[in-house]
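Next up, run17.txt (compact mmCIF, C-alpha atoms and all ligand atoms):
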```txt
# COMPACT_ATOMS: atom_id res chain seq x y z
CA MET Q 1 -22.59 2.48 -14.35
CA SER Q 2 -19.69 4.43 -12.88
CA LYS Q 3 -16.23 3.64 -14.18
CA ILE Q 4 -14.60 4.91 -11.00
CA LEU Q 5 -13.23 2.37 -8.56
CA ASP Q 6 -13.83 4.39 -5.42
CA GLY Q 7 -11.03 3.60 -2.99
CA LYS Q 8 -12.16 6.31 -0.61
CA LEU Q 9 -15.60 4.75 -0.27
CA LEU Q 10 -14.26 1.18 0.08
CA SER Q 11 -11.69 2.25 2.63
CA LYS Q 12 -14.47 3.82 4.71
CA GLN Q 13 -16.42 0.54 4.58
CA ILE Q 14 -13.34 -1.39 5.73
CA LYS Q 15 -12.64 1.07 8.54
CA ASP Q 16 -16.29 0.87 9.64
CA GLU Q 17 -16.02 -2.94 9.75
CA LEU Q 18 -12.85 -2.69 11.85
CA LYS Q 19 -14.47 -0.13 14.16
CA PHE Q 20 -17.37 -2.55 14.66
CA GLN Q 21 -14.86 -5.25 15.73
CA VAL Q 22 -13.11 -2.79 18.08
CA ASP Q 23 -16.43 -1.78 19.68
CA ILE Q 24 -17.11 -5.46 20.47
CA LEU Q 25 -13.65 -5.78 22.07
CA ILE Q 26 -14.27 -2.67 24.17
CA LYS Q 27 -17.73 -3.88 25.27
CA SER Q 28 -16.24 -7.18 26.40
CA GLY Q 29 -13.51 -5.37 28.37
CA LYS Q 30 -10.67 -6.53 26.12
CA LYS Q 31 -7.55 -4.67 25.03
CA VAL Q 32 -7.83 -2.95 21.63
CA PRO Q 33 -5.27 -3.36 18.80
CA HIS Q 34 -2.20 -1.12 19.03
CA LEU Q 35 -0.29 0.06 15.94
CA ALA Q 36 3.03 1.86 16.35
CA ALA Q 37 4.97 3.77 13.70
CA ILE Q 38 8.59 4.88 13.60
CA ILE Q 39 9.52 7.87 11.48
CA VAL Q 40 13.09 9.05 10.98
CA GLY Q 41 13.65 12.68 9.94
CA ASN Q 42 11.31 15.43 8.80
CA ASP Q 43 10.35 14.61 5.21
CA GLY Q 44 7.03 16.41 4.58
CA ALA Q 45 5.37 13.65 2.55
CA SER Q 46 6.42 10.90 4.99
CA LEU Q 47 5.15 12.93 7.96
CA THR Q 48 1.81 13.43 6.17
CA TYR Q 49 1.46 9.69 5.43
CA VAL Q 50 2.41 8.60 8.92
CA SER Q 51 0.15 11.11 10.65
CA SER Q 52 -2.83 10.05 8.54
CA LYS Q 53 -2.15 6.44 9.61
CA VAL Q 54 -2.13 7.52 13.27
CA LYS Q 55 -5.28 9.62 12.77
CA SER Q 56 -7.07 6.64 11.18
CA CYS Q 57 -6.13 4.47 14.18
CA LYS Q 58 -7.76 6.97 16.52
CA LYS Q 59 -10.92 7.13 14.39
CA ILE Q 60 -11.56 3.39 14.61
CA GLY Q 61 -10.57 3.09 18.27
CA TYR Q 62 -7.09 1.50 17.99
CA ASN Q 63 -4.27 2.61 20.22
CA SER Q 64 -1.41 4.16 18.30
CA SER Q 65 2.09 5.43 19.00
CA LEU Q 66 4.26 7.60 16.81
CA ILE Q 67 7.99 7.46 17.49
CA LYS Q 68 9.77 10.40 15.84
CA LEU Q 69 13.53 9.99 15.55
CA ASP Q 70 16.25 12.41 14.51
CA GLU Q 71 17.38 12.29 10.88
CA LYS Q 72 20.98 11.66 12.00
CA ILE Q 73 20.15 8.68 14.24
CA SER Q 74 22.65 5.82 13.92
CA GLU Q 75 21.58 2.50 12.44
CA GLN Q 76 22.25 0.78 15.79
CA LYS Q 77 20.07 3.23 17.74
CA LEU Q 78 17.25 2.71 15.25
CA ILE Q 79 17.64 -1.06 15.66
CA ASN Q 80 17.41 -0.56 19.44
CA GLU Q 81 14.10 1.29 18.98
CA ILE Q 82 12.81 -1.54 16.78
CA ASN Q 83 13.81 -4.10 19.39
CA LYS Q 84 11.88 -2.17 22.04
CA LEU Q 85 8.74 -2.45 19.90
CA ASN Q 86 9.48 -6.13 19.13
CA GLN Q 87 9.49 -6.79 22.88
CA ASN Q 88 6.61 -4.50 23.89
CA SER Q 89 3.71 -6.89 24.45
CA ASP Q 90 1.18 -4.04 24.25
CA VAL Q 91 2.13 -3.30 20.62
CA ASP Q 92 0.46 -5.68 18.14
CA GLY Q 93 2.09 -4.37 15.00
CA PHE Q 94 4.39 -1.61 13.84
CA ILE Q 95 5.84 -0.01 10.74
CA VAL Q 96 9.00 1.87 9.91
CA GLN Q 97 8.00 4.65 7.53
CA LEU Q 98 10.07 4.57 4.33
CA PRO Q 99 12.22 5.97 2.82
CA LEU Q 100 14.96 6.07 5.48
CA PRO Q 101 17.92 8.48 5.37
CA LYS Q 102 20.73 7.34 3.04
CA HIS Q 103 23.17 6.34 5.82
CA ILE Q 104 20.73 3.66 7.04
CA ASN Q 105 20.48 0.29 5.30
CA GLU Q 106 16.74 -0.18 4.69
CA GLU Q 107 17.00 -3.93 4.14
CA LYS Q 108 18.87 -4.43 7.43
CA ILE Q 109 16.24 -2.40 9.28
CA LEU Q 110 13.26 -4.23 7.79
CA ASN Q 111 14.92 -7.55 8.70
CA GLN Q 112 14.96 -6.49 12.37
CA ILE Q 113 11.17 -6.26 12.63
CA LYS Q 114 9.66 -9.31 14.32
CA PRO Q 115 7.69 -11.06 11.52
CA SER Q 116 4.60 -11.47 13.76
CA LYS Q 117 4.46 -7.65 14.16
CA ASP Q 118 5.46 -6.77 10.58
CA VAL Q 119 2.11 -5.32 9.50
CA ASP Q 120 3.70 -3.76 6.39
CA GLY Q 121 4.59 -7.29 5.25
CA PHE Q 122 8.09 -6.26 4.15
CA HIS Q 123 10.09 -8.83 6.18
CA PRO Q 124 11.60 -11.51 3.87
CA SER Q 125 9.81 -14.32 5.72
CA ASN Q 126 6.42 -12.63 5.27
CA PHE Q 127 7.19 -11.76 1.65
CA GLY Q 128 8.19 -15.39 1.04
CA LYS Q 129 4.97 -16.67 2.60
CA MET Q 130 2.96 -14.29 0.40
CA ALA Q 131 4.75 -15.63 -2.69
CA LEU Q 132 3.85 -19.17 -1.62
CA GLY Q 133 0.21 -18.21 -1.04
CA LEU Q 134 0.47 -18.88 2.72
CA GLU Q 135 -1.26 -16.88 5.45
CA THR Q 136 0.80 -13.78 6.24
CA PHE Q 137 0.77 -9.98 6.19
CA ILE Q 138 0.33 -8.79 2.62
CA PRO Q 139 1.94 -5.38 1.96
CA ALA Q 140 -0.80 -2.79 2.37
CA THR Q 141 -0.82 -1.23 -1.12
CA PRO Q 142 -1.03 -4.49 -3.12
CA TYR Q 143 -3.47 -5.83 -0.50
CA GLY Q 144 -5.61 -2.73 -1.10
CA ILE Q 145 -5.55 -3.27 -4.88
CA MET Q 146 -6.60 -6.92 -4.47
CA GLU Q 147 -9.39 -5.78 -2.15
CA ILE Q 148 -10.66 -3.35 -4.81
CA PHE Q 149 -10.98 -6.25 -7.29
CA SER Q 150 -12.57 -8.44 -4.63
CA ARG Q 151 -15.16 -5.91 -3.40
CA TYR Q 152 -16.09 -4.75 -6.91
CA LYS Q 153 -16.34 -8.46 -7.86
CA ILE Q 154 -14.07 -7.98 -10.88
CA SER Q 155 -12.53 -11.30 -11.88
CA LEU Q 156 -8.88 -11.41 -12.91
CA GLU Q 157 -9.04 -15.00 -14.13
CA GLY Q 158 -7.33 -15.42 -17.50
CA LYS Q 159 -6.79 -11.66 -17.85
CA ILE Q 160 -3.52 -10.18 -19.06
CA VAL Q 161 -2.19 -7.83 -16.40
CA VAL Q 162 0.68 -5.47 -17.14
CA VAL Q 163 2.37 -4.05 -14.03
CA LEU Q 164 4.46 -0.91 -14.51
CA GLY Q 165 7.27 -0.78 -11.91
CA ARG Q 166 9.01 -3.56 -9.98
CA SER Q 167 9.40 -2.12 -6.47
CA ASN Q 168 9.42 -4.52 -3.53
CA ILE Q 169 6.48 -2.68 -1.96
CA VAL Q 170 4.09 -2.52 -4.94
CA GLY Q 171 5.13 -3.86 -8.36
CA LYS Q 172 6.67 -7.18 -7.34
CA PRO Q 173 4.10 -8.18 -4.72
CA ILE Q 174 1.06 -7.22 -6.85
CA SER Q 175 2.44 -9.26 -9.76
CA ILE Q 176 2.79 -12.28 -7.46
CA LEU Q 177 -0.66 -11.86 -5.89
CA MET Q 178 -2.45 -11.48 -9.22
CA SER Q 179 -0.74 -14.52 -10.68
CA ASN Q 180 -1.30 -16.70 -7.58
CA LYS Q 181 -4.05 -19.30 -7.67
CA GLY Q 182 -7.34 -17.97 -6.28
CA ASN Q 183 -9.98 -15.33 -6.65
CA PRO Q 184 -8.95 -12.58 -7.20
CA GLY Q 185 -5.92 -14.09 -8.92
CA ASN Q 186 -5.31 -16.55 -11.78
CA ALA Q 187 -4.17 -13.72 -14.03
CA THR Q 188 -1.33 -13.82 -16.54
CA VAL Q 189 1.06 -11.11 -15.39
CA ILE Q 190 3.77 -9.15 -17.21
CA LEU Q 191 6.04 -7.21 -14.83
CA THR Q 192 7.74 -4.26 -16.53
CA HIS Q 193 10.43 -1.76 -15.50
CA SER Q 194 12.70 0.94 -16.90
CA LYS Q 195 14.66 -1.57 -18.99
CA THR Q 196 11.58 -3.07 -20.67
CA ASN Q 197 11.63 -2.86 -24.47
CA ASN Q 198 8.55 -1.82 -26.45
CA LEU Q 199 6.47 -1.10 -23.37
CA VAL Q 200 3.55 0.21 -25.44
CA ASN Q 201 3.26 -3.12 -27.29
CA LEU Q 202 2.69 -4.73 -23.89
CA THR Q 203 0.33 -2.12 -22.42
CA LYS Q 204 -1.82 -2.29 -25.59
CA GLN Q 205 -2.42 -6.01 -24.95
CA ALA Q 206 -3.35 -5.53 -21.29
CA ASP Q 207 -6.81 -6.20 -19.87
CA VAL Q 208 -5.57 -4.63 -16.63
CA ILE Q 209 -2.75 -2.11 -16.05
CA ILE Q 210 -1.32 -1.43 -12.60
CA SER Q 211 0.89 1.65 -12.72
CA ALA Q 212 3.41 2.12 -9.88
CA LEU Q 213 6.03 4.41 -11.39
CA GLY Q 214 5.87 7.84 -9.77
CA ILE Q 215 5.94 9.56 -13.18
CA PRO Q 216 3.03 12.05 -13.45
CA ASN Q 217 0.63 11.45 -16.37
CA PHE Q 218 2.87 8.72 -17.88
CA LEU Q 219 0.08 6.41 -19.09
CA LYS Q 220 -1.76 7.97 -22.04
CA SER Q 221 -4.96 6.75 -23.68
CA GLU Q 222 -3.02 5.79 -26.87
CA MET Q 223 -1.09 3.25 -24.76
CA ILE Q 224 -4.13 1.19 -23.70
CA LYS Q 225 -6.75 -0.92 -25.44
CA LYS Q 226 -10.46 -0.17 -25.15
CA ASN Q 227 -12.10 -1.31 -21.88
CA CYS Q 228 -8.81 -1.78 -20.07
CA ILE Q 229 -8.99 -1.63 -16.25
CA VAL Q 230 -6.50 0.94 -14.97
CA ILE Q 231 -5.17 1.08 -11.42
CA ASP Q 232 -3.08 4.18 -10.66
CA VAL Q 233 -0.74 3.74 -7.70
CA GLY Q 234 1.44 6.77 -8.44
CA ILE Q 235 1.57 9.66 -6.02
CA THR Q 236 3.72 12.62 -7.02
CA ARG Q 237 3.64 16.09 -5.50
CA VAL Q 238 3.63 18.54 -8.41
CA LYS Q 239 4.13 22.26 -7.79
CA ASN Q 240 0.97 24.27 -8.41
CA PRO Q 241 0.87 27.82 -7.04
CA LEU Q 242 -2.91 27.88 -7.51
CA LYS Q 243 -3.39 25.19 -4.85
CA PRO Q 244 -3.56 26.20 -1.16
CA LYS Q 245 -0.55 24.00 -0.28
CA GLY Q 246 1.45 25.12 -3.34
CA TYR Q 247 1.36 21.62 -4.83
CA GLU Q 248 -1.08 18.97 -6.00
CA ILE Q 249 -0.99 15.18 -5.88
CA VAL Q 250 -0.77 13.69 -9.37
CA GLY Q 251 -0.98 10.04 -10.41
CA ASP Q 252 0.83 8.11 -13.16
CA VAL Q 253 -2.23 8.14 -15.41
CA ASP Q 254 -3.49 10.86 -17.74
CA PHE Q 255 -6.86 10.42 -16.03
CA ASP Q 256 -9.06 12.79 -18.10
CA ASN Q 257 -8.26 10.99 -21.35
CA VAL Q 258 -7.69 7.42 -20.12
CA ILE Q 259 -11.09 7.34 -18.36
CA LYS Q 260 -12.81 7.70 -21.75
CA LYS Q 261 -11.25 4.47 -23.05
CA SER Q 262 -11.08 2.35 -19.87
CA SER Q 263 -13.83 0.22 -18.35
CA TYR Q 264 -12.77 0.94 -14.76
CA ILE Q 265 -10.21 3.32 -13.30
CA THR Q 266 -8.95 4.45 -9.89
CA PRO Q 267 -8.63 8.21 -9.34
CA VAL Q 268 -5.73 10.01 -7.64
CA PRO Q 269 -6.40 11.04 -4.97
CA GLY Q 270 -9.21 8.80 -3.68
CA GLY Q 271 -8.17 5.47 -5.22
CA VAL Q 272 -5.34 3.25 -4.04
CA GLY Q 273 -4.02 5.72 -1.41
CA PRO Q 274 -6.89 5.43 1.10
CA MET Q 275 -7.03 1.66 0.55
CA THR Q 276 -3.39 1.40 1.65
CA ILE Q 277 -4.21 2.90 5.04
CA ALA Q 278 -7.32 0.75 5.48
CA MET Q 279 -5.36 -2.45 4.74
CA LEU Q 280 -2.61 -1.48 7.17
CA LEU Q 281 -5.31 -1.21 9.83
CA LYS Q 282 -6.69 -4.58 8.71
CA ASN Q 283 -3.22 -6.15 8.98
CA THR Q 284 -2.98 -4.76 12.53
CA MET Q 285 -6.28 -6.48 13.37
CA HIS Q 286 -4.86 -9.72 11.87
CA ALA Q 287 -1.76 -9.34 14.08
CA TYR Q 288 -3.94 -8.74 17.16
CA ILE Q 289 -6.18 -11.74 16.43
CA ARG Q 290 -3.23 -14.09 15.72
CA LYS Q 291 -1.62 -13.02 19.01
CA THR Q 292 -4.73 -13.42 21.12
CA SER Q 293 -6.21 -16.57 19.58
P1 LIG Q 301 9.83 2.99 -7.01
O1 LIG Q 301 10.70 2.29 -6.02
O2 LIG Q 301 9.76 4.48 -6.96
O3 LIG Q 301 10.26 2.47 -8.44
C1 LIG Q 301 9.68 2.93 -9.63
C2 LIG Q 301 9.63 1.81 -10.63
O4 LIG Q 301 9.26 2.36 -11.88
C3 LIG Q 301 10.97 1.09 -10.85
O5 LIG Q 301 10.79 -0.30 -10.87
C4 LIG Q 301 11.42 1.59 -12.22
O6 LIG Q 301 12.20 0.65 -12.96
C5 LIG Q 301 10.09 1.80 -12.90
N1 LIG Q 301 10.18 2.72 -14.02
C6 LIG Q 301 10.70 3.96 -14.05
N2 LIG Q 301 10.58 4.49 -15.28
C7 LIG Q 301 9.95 3.58 -16.04
C8 LIG Q 301 9.53 3.54 -17.38
N3 LIG Q 301 9.76 4.57 -18.22
N4 LIG Q 301 8.90 2.44 -17.83
C9 LIG Q 301 8.67 1.39 -17.02
N5 LIG Q 301 9.04 1.36 -15.72
C10 LIG Q 301 9.69 2.44 -15.25
O7 LIG Q 301 8.35 2.42 -6.93
P2 LIG Q 301 7.26 2.50 -5.73
O8 LIG Q 301 7.93 2.66 -4.42
O9 LIG Q 301 6.35 1.36 -5.99
O10 LIG Q 301 6.51 3.87 -6.03
C11 LIG Q 301 5.88 4.12 -7.28
C12 LIG Q 301 4.84 5.20 -7.11
O11 LIG Q 301 3.80 4.70 -6.29
C13 LIG Q 301 5.34 6.47 -6.42
O12 LIG Q 301 4.68 7.58 -6.96
C14 LIG Q 301 4.92 6.27 -4.98
O13 LIG Q 301 4.74 7.50 -4.29
C15 LIG Q 301 3.61 5.58 -5.19
N6 LIG Q 301 3.13 4.78 -4.05
C16 LIG Q 301 1.83 4.94 -3.71
C17 LIG Q 301 1.30 4.20 -2.68
C18 LIG Q 301 -0.15 4.37 -2.33
O14 LIG Q 301 -0.55 4.08 -1.23
N7 LIG Q 301 -0.98 4.84 -3.28
C19 LIG Q 301 2.09 3.28 -1.99
C20 LIG Q 301 3.41 3.10 -2.39
C21 LIG Q 301 3.93 3.85 -3.44
P3 LIG Q 301 13.67 0.16 -12.46
O15 LIG Q 301 13.41 -0.87 -11.40
O16 LIG Q 301 14.26 -0.42 -13.68
O17 LIG Q 301 14.36 1.37 -11.93
```
Transcribe the structure of this file into structure tokens.
Amino acid sequence: MSKILDGKLLSKQIKDELKFQVDILIKSGKKVPHLAAIIVGNDGASLTYVSSKVKSCKKIGYNSSLIKLDEKISEQKLINEINKLNQNSDVDGFIVQLPLPKHINEEKILNQIKPSKDVDGFHPSNFGKMALGLETFIPATPYGIMEIFSRYKISLEGKIVVVLGRSNIVGKPISILMSNKGNPGNATVILTHSKTNNLVNLTKQADVIISALGIPNFLKSEMIKKNCIVIDVGITRVKNPLKPKGYEIVGDVDFDNVIKKSSYITPVPGGVGPMTIAMLLKNTMHAYIRKTS
């Protein structure tokens, strides 16, 4: 049995399911879902992420719009752009690609997005609903991780999960989702961060480790117990002149060694990354259905 949790394969299945739903809409003469994305500035990694989201929309038959804004745009002008999308009845959901330039207050911007179109699930009201276990948009990366457990039928019940990193987009929400009642869920979760003491004592107890740090090869095989399930969220561009682009994408996990000791593991690339895009598309379908039903 393979130890690899194949996010690339699962994400293809999810996109095929969504395409099937879109084909039915088209056959019955209905509008298709429309996802819009705002990007501010020219950061290479952000442009790559956002264009792969747009490309995926096209592949499954969604409409998509990409709004590219100058790096020096004022906060107010960005808010005006958000309000245009809030009011545009053709747009079912939209995202503001993060990070934003330093002069813009990220929290203020995310608060401007209409919660019913907030397919990233970052608005406080959607985040609050998620914490309460109510129907909402679940942030795409943690949603993708939960979907991996669900589709591979790996139960989390009673398991000790150690989450590395407490960001609002990955660490915090995944710790809430895994500890919520339900399946997958019902886990006992330890959320760790840079101020955590004796981290290795905690990781060695974990049945499941979710690593969302952004520190290449941080998690070594000595830090885990045998048969641990390891989910690597980290994506770091590391210079490598031997690669065609001059860099390679590296995860938080020392994959070649950790795989020997773990029961299941996600690779980088091809693990959590593609699932994030698939779940964003799924959230857009949720937004479309909620609006039209
Ligand atoms: P982030 O905002 O970059 O924060 C990193 C977290 O790691 C912080 O909570 C920090 O603690 C913690 N940390 C740093 N050093 C640590 C240490 N030695 N021990 C324990 N914790 C430590 O987090 P993020 O936005 O979630 O991003 C994390 C990584 O995931 C990045 O590589 C990012 O590119 C990647 N990512 C991937 C996807 C995907 O689709 N695969 C999606 C989102 C993010 P403090 O809070 O104390 O500073």
What residues of the protein or nucleic acid chains come within 8 Å of ligand LIG 301 (chain Q) when you use only C-alpha atoms and all ligand atoms? Reply as a ChimeraX atom specification.
/Q:140-141,164-171,192-196,199,211-215,232-236,251-252,271-277
Pick from Q:Glu75, Q:Ser28, Q:Leu9, Q:Gly93, whichever lies nearest to Arg290 in chain Q using only C-alpha atoms:
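Comparing Q:Glu75, Q:Ser28, Q:Leu9, Q:Gly93 against Arg290 in chain Q, the winner is Q:Gly93.
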Nearest residue to Pro139 in chain Q from the set Q:Ile95, Q:Leu100, Q:Met223, Q:Val253 (distances using all atoms listed in the file):
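That would be Q:Ile95, the residue with the smallest distance to Pro139 in chain Q.
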Quick one: distance from CA of Pro101 in chain Q to CA of Lys53 in chain Q in Å, one decimal?
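Computed distance, CA of Pro101 in chain Q to CA of Lys53 in chain Q, equals 20.6 Å.
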With all atoms listed in the file counted and 10 Å as the cut-off, give the residues of range 57-167 of chain Q in contact with range 39-47 of chain Q, each with its shortest interatomic distance in Å and the pair that gives it, as a Markdown table.
```
| residue | atom | partner | partner_atom | distance |
| --- | --- | --- | --- | --- |
| Q:Leu66 | CA | Q:Ile39 | CA | 7.5 |
| Q:Ile67 | CA | Q:Ile39 | CA | 6.2 |
| Q:Lys68 | CA | Q:Ile39 | CA | 5.0 |
| Q:Leu69 | CA | Q:Val40 | CA | 4.7 |
| Q:Asp70 | CA | Q:Gly41 | CA | 5.3 |
| Q:Glu71 | CA | Q:Gly41 | CA | 3.9 |
| Q:Lys72 | CA | Q:Gly41 | CA | 7.7 |
| Q:Ile73 | CA | Q:Val40 | CA | 7.8 |
| Q:Leu78 | CA | Q:Val40 | CA | 8.7 |
| Q:Ile95 | CA | Q:Ile39 | CA | 8.7 |
| Q:Val96 | CA | Q:Ile39 | CA | 6.2 |
| Q:Gln97 | CA | Q:Ile39 | CA | 5.3 |
| Q:Leu98 | CA | Q:Ser46 | CA | 7.3 |
| Q:Pro99 | CA | Q:Ser46 | CA | 7.9 |
| Q:Leu100 | CA | Q:Val40 | CA | 6.5 |
| Q:Pro101 | CA | Q:Val40 | CA | 7.4 |
```
Mind giving me the straight-line distance from CA of Asp92 in chain Q to CA of Ile176 in chain Q in Å, one decimal?
26.5 Å
Can you tell me, as a list in words, what residues are no more than 12 Å from Glu17 in chain Q when counting all atoms listed in the file, ignoring any on the same chain fewer than 6 positions away?
Leu10, Ser11, Asp23, Ile24, Ile60, Gly61, Ala278, Met279, Leu281, Lys282 and Met285 of chain Q
Kindly export the residues of the current selection with C-alpha atoms, as a tab-separated table (two decimals), in the frame of the given file.
```tsv
chain	number	residue	atom	x	y	z
Q	10	LEU	CA	-14.26	1.18	0.08
Q	11	SER	CA	-11.69	2.25	2.63
Q	23	ASP	CA	-16.43	-1.78	19.68
Q	24	ILE	CA	-17.11	-5.46	20.47
Q	60	ILE	CA	-11.56	3.39	14.61
Q	61	GLY	CA	-10.57	3.09	18.27
Q	278	ALA	CA	-7.32	0.75	5.48
Q	279	MET	CA	-5.36	-2.45	4.74
Q	281	LEU	CA	-5.31	-1.21	9.83
Q	282	LYS	CA	-6.69	-4.58	8.71
Q	285	MET	CA	-6.28	-6.48	13.37
```
Quote the spacing between CA of Asp6 in chain Q and CA of Phe255 in chain Q in Å to one decimal place.
14.1 Å
Contact residues around Leu177 in chain Q with all atoms listed in the file at 12 Å, ignoring same-chain residues under 2 positions, as a PyMOL selection string:
chain Q and resi 127-134+138-139+141-147+149+156+161+163+170-175+179-189
Include C-alpha atoms and write out the residues we just selected as a PDB file, keeping the file's coordinate frame.
```
ATOM      1  CA  PHE Q 127       7.190 -11.760   1.650  1.00  0.00           C
ATOM      2  CA  GLY Q 128       8.190 -15.390   1.040  1.00  0.00           C
ATOM      3  CA  LYS Q 129       4.970 -16.670   2.600  1.00  0.00           C
ATOM      4  CA  MET Q 130       2.960 -14.290   0.400  1.00  0.00           C
ATOM      5  CA  ALA Q 131       4.750 -15.630  -2.690  1.00  0.00           C
ATOM      6  CA  LEU Q 132       3.850 -19.170  -1.620  1.00  0.00           C
ATOM      7  CA  GLY Q 133       0.210 -18.210  -1.040  1.00  0.00           C
ATOM      8  CA  LEU Q 134       0.470 -18.880   2.720  1.00  0.00           C
ATOM      9  CA  ILE Q 138       0.330  -8.790   2.620  1.00  0.00           C
ATOM     10  CA  PRO Q 139       1.940  -5.380   1.960  1.00  0.00           C
ATOM     11  CA  THR Q 141      -0.820  -1.230  -1.120  1.00  0.00           C
ATOM     12  CA  PRO Q 142      -1.030  -4.490  -3.120  1.00  0.00           C
ATOM     13  CA  TYR Q 143      -3.470  -5.830  -0.500  1.00  0.00           C
ATOM     14  CA  GLY Q 144      -5.610  -2.730  -1.100  1.00  0.00           C
ATOM     15  CA  ILE Q 145      -5.550  -3.270  -4.880  1.00  0.00           C
ATOM     16  CA  MET Q 146      -6.600  -6.920  -4.470  1.00  0.00           C
ATOM     17  CA  GLU Q 147      -9.390  -5.780  -2.150  1.00  0.00           C
ATOM     18  CA  PHE Q 149     -10.980  -6.250  -7.290  1.00  0.00           C
ATOM     19  CA  LEU Q 156      -8.880 -11.410 -12.910  1.00  0.00           C
ATOM     20  CA  VAL Q 161      -2.190  -7.830 -16.400  1.00  0.00           C
ATOM     21  CA  VAL Q 163       2.370  -4.050 -14.030  1.00  0.00           C
ATOM     22  CA  VAL Q 170       4.090  -2.520  -4.940  1.00  0.00           C
ATOM     23  CA  GLY Q 171       5.130  -3.860  -8.360  1.00  0.00           C
ATOM     24  CA  LYS Q 172       6.670  -7.180  -7.340  1.00  0.00           C
ATOM     25  CA  PRO Q 173       4.100  -8.180  -4.720  1.00  0.00           C
ATOM     26  CA  ILE Q 174       1.060  -7.220  -6.850  1.00  0.00           C
ATOM     27  CA  SER Q 175       2.440  -9.260  -9.760  1.00  0.00           C
ATOM     28  CA  SER Q 179      -0.740 -14.520 -10.680  1.00  0.00           C
ATOM     29  CA  ASN Q 180      -1.300 -16.700  -7.580  1.00  0.00           C
ATOM     30  CA  LYS Q 181      -4.050 -19.300  -7.670  1.00  0.00           C
ATOM     31  CA  GLY Q 182      -7.340 -17.970  -6.280  1.00  0.00           C
ATOM     32  CA  ASN Q 183      -9.980 -15.330  -6.650  1.00  0.00           C
ATOM     33  CA  PRO Q 184      -8.950 -12.580  -7.200  1.00  0.00           C
ATOM     34  CA  GLY Q 185      -5.920 -14.090  -8.920  1.00  0.00           C
ATOM     35  CA  ASN Q 186      -5.310 -16.550 -11.780  1.00  0.00           C
ATOM     36  CA  ALA Q 187      -4.170 -13.720 -14.030  1.00  0.00           C
ATOM     37  CA  THR Q 188      -1.330 -13.820 -16.540  1.00  0.00           C
ATOM     38  CA  VAL Q 189       1.060 -11.110 -15.390  1.00  0.00           C
TER      39      VAL Q 189
END
```
Have a look at Q:Lys3, Q:Lys204, Q:Lys84, Q:Lys8 and name the one nearest to Ile38 in chain Q; count all atoms listed in the file.
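Ranking Q:Lys3, Q:Lys204, Q:Lys84, Q:Lys8 by distance to Ile38 in chain Q, first place goes to Q:Lys84.
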With distances taken over only C-alpha atoms, the candidate from Q:Pro115, Q:Gly158, Q:Pro124, Q:Gly270 nearest Ala206 in chain Q is Q:Gly158
Q:Glu107, Q:Asp90, Q:Glu81, Q:Glu222 ranked by distance to Val258 in chain Q, top pick (using only C-alpha atoms)
Q:Glu222
For Gln205 in chain Q, which of Q:Ile160, Q:Val250, Q:Val230, Q:Leu5 is the closest residue, counting only C-alpha atoms?
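Nearest to Gln205 in chain Q: Q:Ile160.
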Within 9 Å of (-8.9, 1.8, -25.3), in the coordinates the file gives, what residues turn up when you count only C-alpha atoms, written out as a list in words?
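Within 9 Å of (-8.9, 1.8, -25.3), the protein and nucleic acid residues are Lys204, Ser221, Glu222, Met223, Ile224, Lys225, Lys226, Asn227, Cys228, Val258, Lys260, Lys261, Ser262 and Ser263 of chain Q.
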Which polymer residues, protein or nucleic acid, are no farther than 10 Å from (13.9, -5.7, 10.8), counting all atoms listed in the file, as a ChimeraX atom specification?
/Q:79,82-83,86,95-96,106-115,118,122-124
For Asp254 in chain Q, work out the shell of residues within 9 Å, counting all atoms listed in the file and skipping chain neighbours fewer than 5 positions away, then give it as a ChimeraX atom specification.
/Q:216-221,259
